[in-house]
Amino acid sequence: MAEISKGWLNTTQAAHYLGVSKRSLMTAIDLRKRNIKNLDLVLKCYGNRTLIKISSLDKIENIETK
């Protein structure tokens, strides 16, 4: 895995970090962007990339996809 810098992960790295599929993570991120669920996730949009703060992944107990 690429070196983690400044506490942010791209979606592929975050899925690997959590041990879930990238598809599930993208669904969870979509719910967060619509302010429905996973409100503890801290996201940063950079161009067409989405970065997720590692500390928010550590704090969240479970990722909701439905």
# chains A, B, ... in the order shown; residues from 1 in each chain; ligands from 1

$ residues_around --residues "range 21-32 of chain A" --least-positions-apart "5" --cutoff "7 Å" --atoms "only C-alpha atoms" --output "list in words"
Thr11, Thr12, Ala15, Lys37, Asn38, Leu39, Ile63, Glu64 and Thr65 of chain A

$ select_by_dssp --residues "chain A" --states "alpha helix (DSSP H)" --output "ChimeraX atom specification"
/A:11-18,22-33,54-59

$ write_last_selection --atoms "N, CA, C and O atoms" --output "mmCIF file, in the first residue's frame"
data_model
loop_
_atom_site.group_PDB
_atom_site.id
_atom_site.type_symbol
_atom_site.label_atom_id
_atom_site.label_comp_id
_atom_site.auth_asym_id
_atom_site.auth_seq_id
_atom_site.Cartn_x
_atom_site.Cartn_y
_atom_site.Cartn_z
ATOM 1 N N THR A 11 -10.120 6.263 -1.743
ATOM 2 C CA THR A 11 -11.170 5.264 -1.509
ATOM 3 C C THR A 11 -10.637 3.839 -1.542
ATOM 4 O O THR A 11 -11.075 3.002 -0.759
ATOM 5 N N THR A 12 -9.686 3.558 -2.416
ATOM 6 C CA THR A 12 -9.111 2.210 -2.480
ATOM 7 C C THR A 12 -8.352 1.889 -1.196
ATOM 8 O O THR A 12 -8.511 0.807 -0.625
ATOM 9 N N GLN A 13 -7.556 2.831 -0.721
ATOM 10 C CA GLN A 13 -6.801 2.631 0.511
ATOM 11 C C GLN A 13 -7.738 2.500 1.713
ATOM 12 O O GLN A 13 -7.524 1.659 2.584
ATOM 13 N N ALA A 14 -8.786 3.323 1.749
ATOM 14 C CA ALA A 14 -9.735 3.279 2.861
ATOM 15 C C ALA A 14 -10.487 1.951 2.898
ATOM 16 O O ALA A 14 -10.714 1.389 3.974
ATOM 17 N N ALA A 15 -10.872 1.434 1.738
ATOM 18 C CA ALA A 15 -11.561 0.139 1.694
ATOM 19 C C ALA A 15 -10.648 -0.963 2.214
ATOM 20 O O ALA A 15 -11.077 -1.819 2.993
ATOM 21 N N HIS A 16 -9.396 -0.922 1.822
ATOM 22 C CA HIS A 16 -8.424 -1.908 2.305
ATOM 23 C C HIS A 16 -8.202 -1.745 3.806
ATOM 24 O O HIS A 16 -8.131 -2.729 4.546
ATOM 25 N N TYR A 17 -8.104 -0.522 4.284
ATOM 26 C CA TYR A 17 -7.905 -0.215 5.702
ATOM 27 C C TYR A 17 -9.050 -0.770 6.553
ATOM 28 O O TYR A 17 -8.832 -1.314 7.630
ATOM 29 N N LEU A 18 -10.285 -0.649 6.032
ATOM 30 C CA LEU A 18 -11.463 -1.124 6.768
ATOM 31 C C LEU A 18 -11.760 -2.599 6.542
ATOM 32 O O LEU A 18 -12.528 -3.193 7.280
ATOM 33 N N LYS A 22 -14.557 -1.921 -2.153
ATOM 34 C CA LYS A 22 -14.600 -0.527 -2.581
ATOM 35 C C LYS A 22 -16.023 -0.117 -2.932
ATOM 36 O O LYS A 22 -16.435 1.013 -2.669
ATOM 37 N N ARG A 23 -16.793 -1.045 -3.485
ATOM 38 C CA ARG A 23 -18.187 -0.754 -3.829
ATOM 39 C C ARG A 23 -19.004 -0.399 -2.584
ATOM 40 O O ARG A 23 -19.790 0.556 -2.597
ATOM 41 N N SER A 24 -18.826 -1.148 -1.507
ATOM 42 C CA SER A 24 -19.532 -0.849 -0.256
ATOM 43 C C SER A 24 -19.117 0.507 0.297
ATOM 44 O O SER A 24 -19.950 1.280 0.774
ATOM 45 N N LEU A 25 -17.829 0.782 0.229
ATOM 46 C CA LEU A 25 -17.337 2.063 0.726
ATOM 47 C C LEU A 25 -17.891 3.220 -0.101
ATOM 48 O O LEU A 25 -18.278 4.249 0.446
ATOM 49 N N MET A 26 -17.961 3.055 -1.415
ATOM 50 C CA MET A 26 -18.498 4.117 -2.269
ATOM 51 C C MET A 26 -19.977 4.370 -1.962
ATOM 52 O O MET A 26 -20.436 5.510 -1.990
ATOM 53 N N THR A 27 -20.728 3.318 -1.646
ATOM 54 C CA THR A 27 -22.128 3.475 -1.250
ATOM 55 C C THR A 27 -22.223 4.252 0.055
ATOM 56 O O THR A 27 -23.051 5.148 0.199
ATOM 57 N N ALA A 28 -21.349 3.921 1.008
ATOM 58 C CA ALA A 28 -21.328 4.619 2.290
ATOM 59 C C ALA A 28 -20.957 6.094 2.104
ATOM 60 O O ALA A 28 -21.533 6.975 2.751
ATOM 61 N N ILE A 29 -20.015 6.368 1.220
ATOM 62 C CA ILE A 29 -19.610 7.753 0.957
ATOM 63 C C ILE A 29 -20.752 8.527 0.311
ATOM 64 O O ILE A 29 -21.002 9.692 0.652
ATOM 65 N N ASP A 30 -21.474 7.887 -0.600
ATOM 66 C CA ASP A 30 -22.617 8.542 -1.232
ATOM 67 C C ASP A 30 -23.677 8.906 -0.198
ATOM 68 O O ASP A 30 -24.231 10.002 -0.229
ATOM 69 N N LEU A 31 -23.934 8.009 0.754
ATOM 70 C CA LEU A 31 -24.888 8.308 1.824
ATOM 71 C C LEU A 31 -24.398 9.470 2.683
ATOM 72 O O LEU A 31 -25.184 10.300 3.130
ATOM 73 N N ARG A 32 -23.084 9.529 2.911
ATOM 74 C CA ARG A 32 -22.514 10.635 3.691
ATOM 75 C C ARG A 32 -22.658 11.954 2.942
ATOM 76 O O ARG A 32 -23.008 12.979 3.521
ATOM 77 N N LYS A 33 -22.391 11.945 1.652
ATOM 78 C CA LYS A 33 -22.498 13.176 0.859
ATOM 79 C C LYS A 33 -23.920 13.708 0.817
ATOM 80 O O LYS A 33 -24.132 14.916 0.721
ATOM 81 N N ILE A 54 -8.310 9.514 8.166
ATOM 82 C CA ILE A 54 -8.095 8.256 8.896
ATOM 83 C C ILE A 54 -8.719 8.310 10.283
ATOM 84 O O ILE A 54 -9.336 7.340 10.724
ATOM 85 N N SER A 55 -8.597 9.438 10.973
ATOM 86 C CA SER A 55 -9.134 9.524 12.329
ATOM 87 C C SER A 55 -10.656 9.335 12.338
ATOM 88 O O SER A 55 -11.205 8.783 13.296
ATOM 89 N N SER A 56 -11.345 9.759 11.266
ATOM 90 C CA SER A 56 -12.794 9.539 11.214
ATOM 91 C C SER A 56 -13.114 8.068 10.981
ATOM 92 O O SER A 56 -14.127 7.569 11.459
ATOM 93 N N LEU A 57 -12.237 7.358 10.265
ATOM 94 C CA LEU A 57 -12.435 5.918 10.081
ATOM 95 C C LEU A 57 -12.220 5.173 11.391
ATOM 96 O O LEU A 57 -12.896 4.187 11.673
ATOM 97 N N ASP A 58 -11.282 5.645 12.199
ATOM 98 C CA ASP A 58 -11.007 5.002 13.483
ATOM 99 C C ASP A 58 -12.155 5.233 14.468
ATOM 100 O O ASP A 58 -12.438 4.373 15.301
ATOM 101 N N LYS A 59 -12.808 6.387 14.389
ATOM 102 C CA LYS A 59 -13.877 6.733 15.342
ATOM 103 C C LYS A 59 -15.198 6.045 15.035
ATOM 104 O O LYS A 59 -15.959 5.734 15.942
#

$ atom_distance --atom1 "CA of Leu43 in chain A" --atom2 "CA of Ile60 in chain A"
13.2 Å

$ residues_around --residues "Lys53 in chain A" --least-positions-apart "6" --cutoff "7 Å" --atoms "only C-alpha atoms" --output "ChimeraX atom specification"
/A:7-9,42-43

$ write_last_selection --atoms "N, CA and C atoms" --output "PDB file, in the first residue's frame"
ATOM      1  N   GLY A   7      -2.678  11.804   7.140  1.00  0.00           N
ATOM      2  CA  GLY A   7      -3.906  11.240   7.680  1.00  0.00           C
ATOM      3  C   GLY A   7      -5.075  11.121   6.734  1.00  0.00           C
ATOM      4  N   TRP A   8      -4.839  11.137   5.420  1.00  0.00           N
ATOM      5  CA  TRP A   8      -5.920  11.012   4.454  1.00  0.00           C
ATOM      6  C   TRP A   8      -5.695   9.792   3.578  1.00  0.00           C
ATOM      7  N   LEU A   9      -6.788   9.091   3.240  1.00  0.00           N
ATOM      8  CA  LEU A   9      -6.725   7.919   2.373  1.00  0.00           C
ATOM      9  C   LEU A   9      -7.642   8.117   1.182  1.00  0.00           C
ATOM     10  N   VAL A  42     -15.234  12.115   7.674  1.00  0.00           N
ATOM     11  CA  VAL A  42     -14.746  13.411   7.205  1.00  0.00           C
ATOM     12  C   VAL A  42     -14.189  13.207   5.804  1.00  0.00           C
ATOM     13  N   LEU A  43     -14.820  13.862   4.841  1.00  0.00           N
ATOM     14  CA  LEU A  43     -14.453  13.702   3.439  1.00  0.00           C
ATOM     15  C   LEU A  43     -13.844  14.990   2.897  1.00  0.00           C
TER      16      LEU A  43
END

$ atom_distance --atom1 "CA of Arg34 in chain A" --atom2 "CA of Thr50 in chain A"
14.3 Å

$ select_by_dssp --residues "chain A" --states "strand (DSSP E)" --output "JSON, numbers by chain"
{"A": [8, 9, 10, 43, 44, 45, 46, 49, 50, 51, 52, 53]}

$ decode --residues "range 21-36 of chain A" --atoms "N, CA, C and O atoms" --output "CSV table (one decimal), in the first residue's frame"
chain,number,residue,atom,x,y,z
A,21,SER,N,-15.3,-4.0,0.7
A,21,SER,CA,-15.1,-3.8,-0.7
A,21,SER,C,-15.2,-2.3,-1.1
A,21,SER,O,-15.8,-1.5,-0.3
A,22,LYS,N,-14.6,-1.9,-2.2
A,22,LYS,CA,-14.6,-0.5,-2.6
A,22,LYS,C,-16.0,-0.1,-2.9
A,22,LYS,O,-16.4,1.0,-2.7
A,23,ARG,N,-16.8,-1.0,-3.5
A,23,ARG,CA,-18.2,-0.8,-3.8
A,23,ARG,C,-19.0,-0.4,-2.6
A,23,ARG,O,-19.8,0.6,-2.6
A,24,SER,N,-18.8,-1.1,-1.5
A,24,SER,CA,-19.5,-0.8,-0.3
A,24,SER,C,-19.1,0.5,0.3
A,24,SER,O,-19.9,1.3,0.8
A,25,LEU,N,-17.8,0.8,0.2
A,25,LEU,CA,-17.3,2.1,0.7
A,25,LEU,C,-17.9,3.2,-0.1
A,25,LEU,O,-18.3,4.2,0.4
A,26,MET,N,-18.0,3.1,-1.4
A,26,MET,CA,-18.5,4.1,-2.3
A,26,MET,C,-20.0,4.4,-2.0
A,26,MET,O,-20.4,5.5,-2.0
A,27,THR,N,-20.7,3.3,-1.6
A,27,THR,CA,-22.1,3.5,-1.2
A,27,THR,C,-22.2,4.3,0.1
A,27,THR,O,-23.1,5.1,0.2
A,28,ALA,N,-21.3,3.9,1.0
A,28,ALA,CA,-21.3,4.6,2.3
A,28,ALA,C,-21.0,6.1,2.1
A,28,ALA,O,-21.5,7.0,2.8
A,29,ILE,N,-20.0,6.4,1.2
A,29,ILE,CA,-19.6,7.8,1.0
A,29,ILE,C,-20.8,8.5,0.3
A,29,ILE,O,-21.0,9.7,0.7
A,30,ASP,N,-21.5,7.9,-0.6
A,30,ASP,CA,-22.6,8.5,-1.2
A,30,ASP,C,-23.7,8.9,-0.2
A,30,ASP,O,-24.2,10.0,-0.2
A,31,LEU,N,-23.9,8.0,0.8
A,31,LEU,CA,-24.9,8.3,1.8
A,31,LEU,C,-24.4,9.5,2.7
A,31,LEU,O,-25.2,10.3,3.1
A,32,ARG,N,-23.1,9.5,2.9
A,32,ARG,CA,-22.5,10.6,3.7
A,32,ARG,C,-22.7,12.0,2.9
A,32,ARG,O,-23.0,13.0,3.5
A,33,LYS,N,-22.4,11.9,1.7
A,33,LYS,CA,-22.5,13.2,0.9
A,33,LYS,C,-23.9,13.7,0.8
A,33,LYS,O,-24.1,14.9,0.7
A,34,ARG,N,-24.9,12.8,0.9
A,34,ARG,CA,-26.3,13.2,0.9
A,34,ARG,C,-26.8,13.5,2.4
A,34,ARG,O,-28.0,13.7,2.5
A,35,ASN,N,-25.9,13.4,3.4
A,35,ASN,CA,-26.2,13.7,4.8
A,35,ASN,C,-27.3,12.8,5.3
A,35,ASN,O,-28.2,13.2,6.1
A,36,ILE,N,-27.3,11.5,4.9
A,36,ILE,CA,-28.3,10.5,5.4
A,36,ILE,C,-27.7,9.7,6.5
A,36,ILE,O,-28.3,9.5,7.5
